[in-house]
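Novice: If it helps, the file is called structure06.cif and holds mmCIF, C-alpha atoms:
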```cif
data_run
#
loop_
_atom_site.label_atom_id
_atom_site.label_comp_id
_atom_site.auth_asym_id
_atom_site.auth_seq_id
_atom_site.Cartn_x
_atom_site.Cartn_y
_atom_site.Cartn_z
CA ILE A 13 0.00 0.00 0.00
CA ASP A 14 1.77 3.14 -1.22
CA ALA A 15 0.24 5.36 1.47
CA PHE A 16 1.75 3.31 4.32
CA HIS A 17 5.36 4.15 5.18
CA PRO A 18 7.61 2.95 8.01
CA LEU A 19 7.50 5.09 11.14
CA SER A 20 10.28 7.67 11.40
CA GLY A 21 9.97 8.08 15.15
CA PRO A 22 8.11 6.95 18.26
CA GLN A 23 4.98 8.96 17.53
CA ARG A 24 2.01 6.81 16.53
CA ARG A 25 0.08 7.77 13.42
CA ARG A 26 -2.86 6.75 11.32
CA ILE A 27 -2.89 5.12 7.92
CA SER A 28 -4.84 5.56 4.71
CA THR A 29 -7.58 3.32 3.37
CA PRO A 30 -6.87 1.20 0.28
CA PRO A 31 -9.78 0.00 -1.86
CA LEU A 32 -11.33 -3.30 -0.76
CA LEU A 33 -11.32 -6.17 -3.18
CA SER A 34 -14.07 -5.82 -5.74
CA TYR A 35 -16.17 -8.81 -4.85
CA LEU A 36 -16.35 -7.72 -1.19
CA ASP A 37 -17.46 -4.30 -2.41
CA SER A 38 -20.42 -6.05 -4.01
CA LEU A 39 -21.51 -7.24 -0.56
CA GLN A 40 -21.51 -3.75 0.89
CA GLU A 41 -24.66 -1.68 1.13
CA PRO A 42 -24.75 2.06 1.85
CA ALA A 43 -25.25 2.61 5.56
CA PRO A 44 -28.18 4.77 6.66
CA GLN A 45 -27.57 8.31 7.89
CA GLN A 46 -27.21 8.25 11.65
CA GLN A 47 -25.42 10.00 14.48
CA PRO A 48 -21.63 9.62 14.58
CA PHE A 49 -20.69 6.43 16.40
CA SER A 50 -17.95 5.93 18.95
CA ALA A 51 -17.00 2.77 20.79
CA PRO A 52 -18.25 2.48 24.39
CA THR A 53 -15.85 3.67 27.05
CA THR A 54 -14.80 1.52 30.00
CA ALA A 55 -16.98 3.66 32.25
CA ASP A 56 -20.00 3.04 30.02
CA CYS A 57 -19.42 -0.71 30.20
CA GLU A 58 -18.97 -0.70 33.97
CA SER A 59 -22.03 1.42 34.68
CA SER A 60 -24.45 -0.32 32.32
CA THR A 61 -26.94 -2.58 34.13
CA PRO A 62 -27.96 -4.74 32.38
CA PRO A 63 -25.07 -4.83 29.86
CA ARG A 64 -25.51 -3.13 26.49
CA PHE A 65 -24.30 -4.33 23.12
CA SER A 66 -21.51 -2.69 21.11
CA TYR A 67 -21.79 -1.91 17.41
CA ALA A 68 -19.45 -0.66 14.69
CA PRO A 69 -20.01 -0.04 10.98
CA LEU A 70 -17.14 -1.02 8.72
CA ALA A 71 -16.12 2.66 8.56
CA TYR A 72 -15.28 2.56 12.27
CA PHE A 73 -12.51 0.11 11.33
CA GLY A 74 -11.45 2.08 8.25
CA LEU A 75 -7.69 1.94 7.82
CA ASP A 76 -7.46 5.68 8.43
CA LYS A 77 -8.96 5.02 11.90
CA LEU A 78 -6.49 2.32 12.95
CA VAL A 79 -3.51 3.28 15.14
CA SER A 80 -0.12 2.07 13.96
CA LYS A 81 1.89 -0.19 16.27
CA GLY A 82 5.05 0.17 14.19
CA PRO A 83 7.25 -2.44 12.49
CA ARG A 84 7.47 -5.99 13.79
CA PRO A 85 10.97 -6.49 15.26
CA THR A 86 11.06 -10.26 14.66
CA ALA A 87 10.24 -10.15 10.93
CA ASP A 88 12.43 -12.41 8.77
CA TRP A 89 11.19 -11.13 5.41
CA GLY A 90 9.48 -7.96 4.19
CA THR A 91 8.79 -4.98 6.45
CA PRO A 92 5.51 -5.85 8.17
CA GLU A 93 3.89 -3.04 10.13
CA ASP A 94 0.54 -3.44 11.81
CA ALA A 95 -2.22 -1.20 13.12
CA SER A 96 -5.36 -1.87 15.13
CA ARG A 97 -8.47 -0.48 16.80
CA LYS A 98 -10.57 -2.09 19.52
CA LEU A 99 -14.37 -1.97 19.66
CA ASP A 100 -14.97 -3.34 23.17
CA ASP A 101 -13.38 -5.47 25.90
CA ASP A 102 -15.08 -7.01 28.94
CA GLY A 103 -11.87 -8.37 30.41
CA VAL A 104 -12.30 -11.83 28.85
CA PHE A 105 -13.85 -11.27 25.44
CA ARG A 106 -12.81 -8.44 23.14
CA VAL A 107 -13.47 -7.38 19.56
CA GLY A 108 -11.60 -5.13 17.15
CA SER A 109 -9.80 -4.79 13.83
CA TRP A 110 -6.21 -5.22 12.60
CA TRP A 111 -4.24 -4.40 9.47
CA CYS A 112 -0.74 -5.53 8.46
CA SER A 113 1.55 -4.93 5.49
CA GLU A 114 3.58 -7.60 3.68
CA GLY A 115 6.11 -9.66 5.55
CA GLY A 116 6.58 -12.71 7.73
CA TRP A 117 7.63 -13.55 11.27
CA PRO A 118 7.86 -16.60 13.55
CA SER A 119 5.44 -17.11 16.48
CA PRO A 120 7.36 -19.51 18.72
CA ASN A 121 5.50 -18.72 21.95
CA GLY A 122 2.15 -20.33 22.65
CA LYS A 123 -0.74 -18.00 21.84
CA ALA A 124 -2.24 -16.64 25.06
CA THR A 125 -5.85 -16.51 23.78
CA THR A 126 -8.11 -18.05 21.16
CA GLU A 127 -8.57 -15.66 18.26
CA VAL A 128 -11.17 -15.81 15.50
CA PHE A 129 -11.06 -13.38 12.61
CA TYR A 130 -12.96 -12.58 9.44
CA THR A 131 -10.72 -11.53 6.54
CA VAL A 132 -11.96 -8.30 4.97
CA SER A 133 -9.13 -8.06 2.44
CA GLY A 134 -5.67 -9.39 1.70
CA HIS A 135 -4.00 -12.80 1.55
CA GLY A 136 -1.84 -14.63 4.04
CA CYS A 137 -0.78 -17.92 5.55
CA LEU A 138 -0.61 -19.22 9.11
CA SER A 139 1.73 -22.16 9.68
CA ASP A 140 1.68 -24.68 12.51
CA SER A 141 4.80 -25.71 14.42
CA ASP A 142 5.35 -28.70 12.11
CA GLY A 143 5.23 -26.52 8.99
CA ALA A 144 1.64 -27.30 7.92
CA LYS A 145 0.31 -24.23 6.09
CA HIS A 146 -3.16 -22.69 6.18
CA TYR A 147 -3.82 -20.12 3.44
CA PHE A 148 -6.62 -17.58 3.69
CA GLY A 149 -8.06 -14.65 1.77
CA PRO A 150 -11.04 -12.28 1.58
CA GLY A 151 -14.23 -13.68 3.10
CA ASP A 152 -12.48 -16.49 4.98
CA THR A 153 -12.80 -17.11 8.73
CA VAL A 154 -9.64 -18.12 10.60
CA ILE A 155 -9.39 -19.67 14.08
CA ILE A 156 -6.08 -19.57 15.99
CA PRO A 157 -6.51 -21.67 19.15
CA LYS A 158 -4.93 -20.79 22.48
CA GLY A 159 -1.49 -22.41 22.72
CA HIS A 160 -0.78 -22.35 18.96
CA THR A 161 2.80 -21.84 17.79
CA GLY A 162 4.09 -21.43 14.23
CA ARG A 163 4.44 -18.40 12.00
CA TRP A 164 2.65 -15.61 10.12
CA ASP A 165 3.17 -14.70 6.46
CA VAL A 166 1.34 -11.74 4.89
CA PHE A 167 1.50 -11.86 1.07
CA GLU A 168 -0.91 -8.96 0.43
CA PRO A 169 -1.84 -6.41 3.14
CA ILE A 170 -4.42 -7.99 5.43
CA HIS A 171 -7.38 -6.25 7.02
CA LYS A 172 -9.35 -8.37 9.47
CA ILE A 173 -12.12 -8.09 12.07
CA TRP A 174 -11.23 -10.16 15.14
CA ALA A 175 -12.73 -11.57 18.32
CA VAL A 176 -10.51 -12.85 21.12
CA ASN A 177 -11.44 -15.08 24.07
CA ALA A 178 -8.99 -15.01 26.99
CA HIS A 179 -10.16 -18.32 28.48
CA GLU A 180 -8.08 -19.97 31.18
CA HIS A 181 -6.87 -23.26 29.74
CA VAL A 182 -5.55 -24.62 26.45
CA GLU A 183 -8.51 -26.66 25.18
CA GLU A 184 -7.08 -28.25 22.03
CA ARG A 185 -5.89 -31.84 22.46
CA THR A 186 -4.12 -32.23 19.12
CA SER A 187 -0.35 -32.03 18.83
CA PRO A 188 0.63 -29.76 17.29
CA ILE A 189 -2.23 -27.33 17.81
CA ARG A 190 -3.54 -26.38 14.38
CA VAL A 191 -5.06 -23.28 12.84
CA ARG A 192 -8.49 -23.76 11.26
CA VAL A 193 -9.57 -21.89 8.09
CA ASP A 194 -13.17 -21.96 6.88
CA HIS A 195 -13.38 -20.59 3.38
CA TYR A 196 -16.14 -18.41 2.02
CA HIS A 197 -17.70 -21.23 -0.03
CA THR A 198 -18.55 -23.09 3.21
CA TYR A 199 -21.08 -20.33 3.98
CA SER A 200 -23.56 -21.57 1.36
CA PRO A 201 -27.09 -22.39 2.63
CA ASP A 202 -26.85 -26.07 1.67
CA ARG A 203 -24.05 -26.47 4.24
CA ALA A 204 -26.16 -25.11 7.10
CA ASN A 205 -27.86 -27.33 9.64
CA GLY A 206 -30.74 -26.34 11.88
CA PRO A 207 -33.34 -25.14 12.57
CA GLN A 208 -33.98 -28.58 14.08
CA THR A 209 -31.34 -28.02 16.80
CA GLN A 210 -30.69 -25.41 19.50
CA ASP A 211 -29.63 -22.07 18.04
CA PRO A 212 -25.91 -21.77 18.98
CA LEU A 213 -25.85 -17.98 18.62
CA TYR A 214 -29.08 -16.83 20.32
CA GLY A 215 -29.84 -19.82 22.51
CA GLY A 216 -33.44 -20.58 21.59
CA PRO A 217 -34.85 -23.53 19.65
CA GLY A 218 -34.97 -23.29 15.88
CA ASP A 219 -38.18 -21.63 14.75
CA GLY A 220 -37.89 -21.71 10.97
CA HIS A 221 -36.30 -18.27 10.63
CA ALA A 222 -32.69 -19.40 10.83
CA ALA A 223 -30.16 -22.08 9.93
CA TRP A 224 -26.52 -22.39 10.91
CA ASN A 225 -23.30 -24.32 10.59
CA THR A 226 -21.04 -24.60 13.63
CA PHE A 227 -17.62 -25.35 12.19
CA TYR A 228 -15.61 -25.04 15.43
CA ASP A 229 -16.71 -26.16 18.89
CA VAL A 230 -13.84 -26.60 21.37
CA GLY A 231 -14.05 -25.78 25.08
CA PRO A 232 -15.67 -22.38 25.61
CA ASN A 233 -15.32 -21.38 21.93
CA LYS A 234 -17.91 -21.86 19.20
CA VAL A 235 -17.62 -20.44 15.68
CA GLY A 236 -19.89 -20.71 12.68
CA ILE A 237 -22.04 -19.16 9.99
CA TRP A 238 -25.66 -18.17 10.65
CA THR A 239 -28.34 -17.36 8.09
CA GLY A 240 -31.84 -16.06 8.72
CA GLU A 241 -35.02 -15.20 6.85
CA PRO A 242 -37.08 -12.08 7.72
CA GLY A 243 -38.57 -12.37 11.19
CA THR A 244 -37.97 -11.57 14.86
CA ILE A 245 -35.82 -13.58 17.28
CA PRO A 246 -36.01 -12.80 21.03
CA VAL A 247 -32.79 -13.17 23.04
CA SER A 248 -32.82 -13.60 26.84
CA TYR A 249 -29.62 -13.60 28.90
CA GLY A 250 -27.42 -14.75 26.06
CA SER A 251 -23.76 -15.75 26.06
CA ARG A 252 -20.93 -13.44 25.10
CA ALA A 253 -21.12 -13.25 21.34
CA PHE A 254 -19.68 -11.52 18.31
CA PHE A 255 -21.05 -11.41 14.80
CA HIS A 256 -19.96 -9.82 11.55
CA VAL A 257 -22.64 -9.27 8.90
CA VAL A 258 -21.67 -10.72 5.52
CA GLU A 259 -24.99 -10.16 3.71
CA GLY A 260 -28.42 -8.71 4.43
CA VAL A 261 -30.02 -6.26 6.84
CA VAL A 262 -30.80 -6.83 10.52
CA PHE A 263 -31.83 -4.65 13.47
CA VAL A 264 -30.43 -5.33 16.97
CA THR A 265 -32.56 -3.85 19.77
CA ASP A 266 -31.64 -3.66 23.46
CA GLU A 267 -34.44 -4.68 25.80
CA ALA A 268 -33.31 -2.43 28.64
CA ASP A 269 -33.37 0.98 26.94
CA GLY A 270 -34.69 0.35 23.43
CA THR A 271 -31.39 1.21 21.74
CA ALA A 272 -31.48 -0.18 18.20
CA ARG A 273 -28.92 -0.43 15.41
CA ARG A 274 -29.49 -1.21 11.77
CA CYS A 275 -26.72 -3.58 10.67
CA VAL A 276 -25.73 -4.21 7.06
CA ALA A 277 -22.90 -6.07 5.33
CA GLY A 278 -19.58 -5.11 6.89
CA ASP A 279 -21.00 -4.21 10.32
CA THR A 280 -19.84 -5.80 13.59
CA VAL A 281 -21.73 -6.41 16.85
CA MET A 282 -20.53 -7.63 20.26
CA LEU A 283 -23.20 -8.94 22.64
CA PRO A 284 -22.13 -9.11 26.30
CA ALA A 285 -22.94 -12.00 28.64
CA GLY A 286 -26.44 -11.60 30.04
CA TRP A 287 -27.71 -9.41 27.22
CA SER A 288 -31.43 -9.41 26.41
CA GLY A 289 -33.18 -7.95 23.41
CA HIS A 290 -34.40 -8.97 19.99
CA ILE A 291 -33.04 -9.45 16.50
CA ASP A 292 -35.22 -8.26 13.63
CA ILE A 293 -34.21 -9.61 10.23
CA VAL A 294 -35.32 -7.19 7.51
CA GLU A 295 -33.57 -8.80 4.55
CA LYS A 296 -32.19 -12.33 4.49
CA VAL A 297 -29.00 -12.15 6.51
CA LYS A 298 -25.76 -14.11 6.68
CA LYS A 299 -23.35 -13.65 9.60
CA VAL A 300 -20.09 -15.08 10.87
CA TRP A 301 -20.49 -15.59 14.63
CA VAL A 302 -18.46 -16.47 17.71
CA THR A 303 -19.65 -17.31 21.21
CA ALA A 304 -17.40 -17.35 24.27
CA ASP A 305 -18.79 -19.14 27.32
#
```
Rewrite the structure from the file as structure tokens, please.
Specialist:
Amino acid sequence: IDAFHPLSGPQRRRISTPPLLSYLDSLQEPAPQQQPFSAPTTADCESSTPPRFSYAPLAYFGLDKLVSKGPRPTADWGTPEDASRKLDDDGVFRVGSWWCSEGGWPSPNGKATTEVFYTVSGHGCLSDSDGAKHYFGPGDTVIIPKGHTGRWDVFEPIHKIWAVNAHEHVEERTSPIRVRVDHYHTYSPDRANGPQTQDPLYGGPGDGHAAWNTFYDVGPNKVGIWTGEPGTIPVSYGSRAFFHVVEGVVFVTDEADGTARRCVAGDTVMLPAGWSGHIDIVEKVKKVWVTAD
């Protein structure tokens, strides 16, 4: 990305937005006019009873909004520099965005958390400790389990939306611990199960509005794709959850104060533990989701 240059000093700076890949652009839908949005502060989160949800349009994670962390000192090829911005953090579960330029570096220390991310743009590869490679690109969902070791390689600048669960124990029992990549084609409706089973995202029984595919279920972490037809889904005292809208239009409404957000493709929502409200699907929706028990 021509607009991104190595830092010349300790001062942090912001970076410019490159165009997204064309086929992801086709998923985007103009957001409605609304008041400027800012992420909730720690004080807001601590004083809210019951807890409120957090929301960000894709523009909140625009590359000009991310704060540079500088070059990676352990890089062994390229000049990777990364930048990030957090949406919310409850001390265990947090959500945000990250960008990185081309380059590669080893990750020899066990990962301290389980991370799940949706790739907005770019191409890369995560390798396990035995050299097994896991390639990913736009639209793919990547799971890096707690305890993973290996390496990162960024072949084209990566922009991702991430959710991290700081659970206590390493839950994977395989050796070595492996990255999981679920590619965009796995999101097709014919790969979804439900609604005959318990809804893994909202907790209620299937009611005909929704179908889903849970493609990762280890310890306190569940990850999948969720699709829904127009209708209303009540949520009572749900689990910590994150979702990123891939297609469609959905309203999220807080039961406590009536706060509502219209979510379209590219938008991100974090639901805290104990949240109650309802989900109104306006246009058939498809979402990548994570729950953290």
Novice: How many Å lie between atom CA of A:Gly90 and atom CA of A:Val166, rounded to one decimal?
Specialist: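 Taking atom CA of A:Gly90 as the start and atom CA of A:Val166 as the end point, the length is 9.0 Å.
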Novice: Go through the shown structure with the PyMOL selection byres ((chain A and resi 214) around 8) and write out the matching residues as a list of chain:residue names.
Specialist: A:Asp211, A:Pro212, A:Leu213, A:Gly215, A:Gly216, A:Val247, A:Gly250, A:Ser251
Novice: Would you write out, as a VMD selection string, every residue that the PyMOL selection byres ((chain A and resi 94) around 7) captures in this file?
Specialist: chain A and resid 80 to 83 92 to 93 95 to 96 111 to 113
Novice: Could you jot down the atom CA of A:Thr226 to atom CA of A:Arg163 separation for me, Å, one decimal place?
Specialist: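 Computed distance, atom CA of A:Thr226 to atom CA of A:Arg163, equals 26.3 Å.
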Novice: Between atom CA of A:Asp102 and atom CA of A:Thr126, what is the spacing in Å?
Specialist: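 Straight-line distance from atom CA of A:Thr126 to atom CA of A:Asp102 works out to 15.2 Å.
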Novice: Ranking A:Gly243, A:Gly143, A:Pro232, A:Pro169 by minimum distance to A:Val191 and counting all atoms listed in the file, which one comes first?
Specialist: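 Using all atoms listed in the file, the shortest distance to A:Val191 belongs to A:Gly143.
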Novice: Report the residues retrieved by the PyMOL selection byres ((chain A and resi 239) around 6) from the displayed file, expressed as a list in words.
Specialist: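 Expected selection for the PyMOL selection byres ((chain A and resi 239) around 6) here is Ala222, Ala223, Trp238, Gly240, Val297 and Lys298 of chain A.
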Novice: Of the residues A:Leu283, A:Ile173, A:Ala304, A:Ala144, which is the one nearest to A:Val235, using all atoms listed in the file?
Specialist: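 Among A:Leu283, A:Ile173, A:Ala304, A:Ala144, it is A:Ala304 that comes nearest to A:Val235.
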Novice: Would you pick out the contacts of A:Ala272 at 12 Å or less, using only C-alpha atoms, so that residues sharing its chain but fewer than 6 positions from it are not included, and give the list as a PyMOL selection string?
Specialist: chain A and resi 46+64-67+262-266+281+289-292
Novice: Which residue gives the smallest distance to A:Trp224 among A:Thr198, A:Asn177, A:Thr244, A:Ser187, with all atoms listed in the file counted?
Specialist: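 Closest to A:Trp224 of all the choices is A:Thr198.
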Novice: Between A:Trp117, A:Phe129, A:Tyr147, A:Tyr199, which is the closest to A:Gly162 once you count all atoms listed in the file?
Specialist: A:Trp117
Novice: Between A:His179, A:His221, A:Lys77, A:His256, which residue has the minimum interatomic distance to A:Lys123, considering all atoms listed in the file?
Specialist: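 Of all the options, A:His179 lies closest to A:Lys123.
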Novice: Compare A:Val261, A:Ala68, A:Ala178, A:Ala268 by their minimum atom-to-atom distance to A:Val294, counting all atoms listed in the file, and give me the closest one.
Specialist: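 Of A:Val261, A:Ala68, A:Ala178, A:Ala268, the one nearest A:Val294 is A:Val261, counting all atoms listed in the file.
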Novice: The centre and edge lengths of an axis-aligned box containing all atoms of stretch 137-152 of chain A present in the file, extended by 6 Å on each side, are to be given in Å to one decimal, as lines of an AutoDock Vina configuration file.
Specialist:
```
center_x = -4.4
center_y = -20.5
center_z = 8.0
size_x = 31.6
size_y = 28.4
size_z = 24.8
```
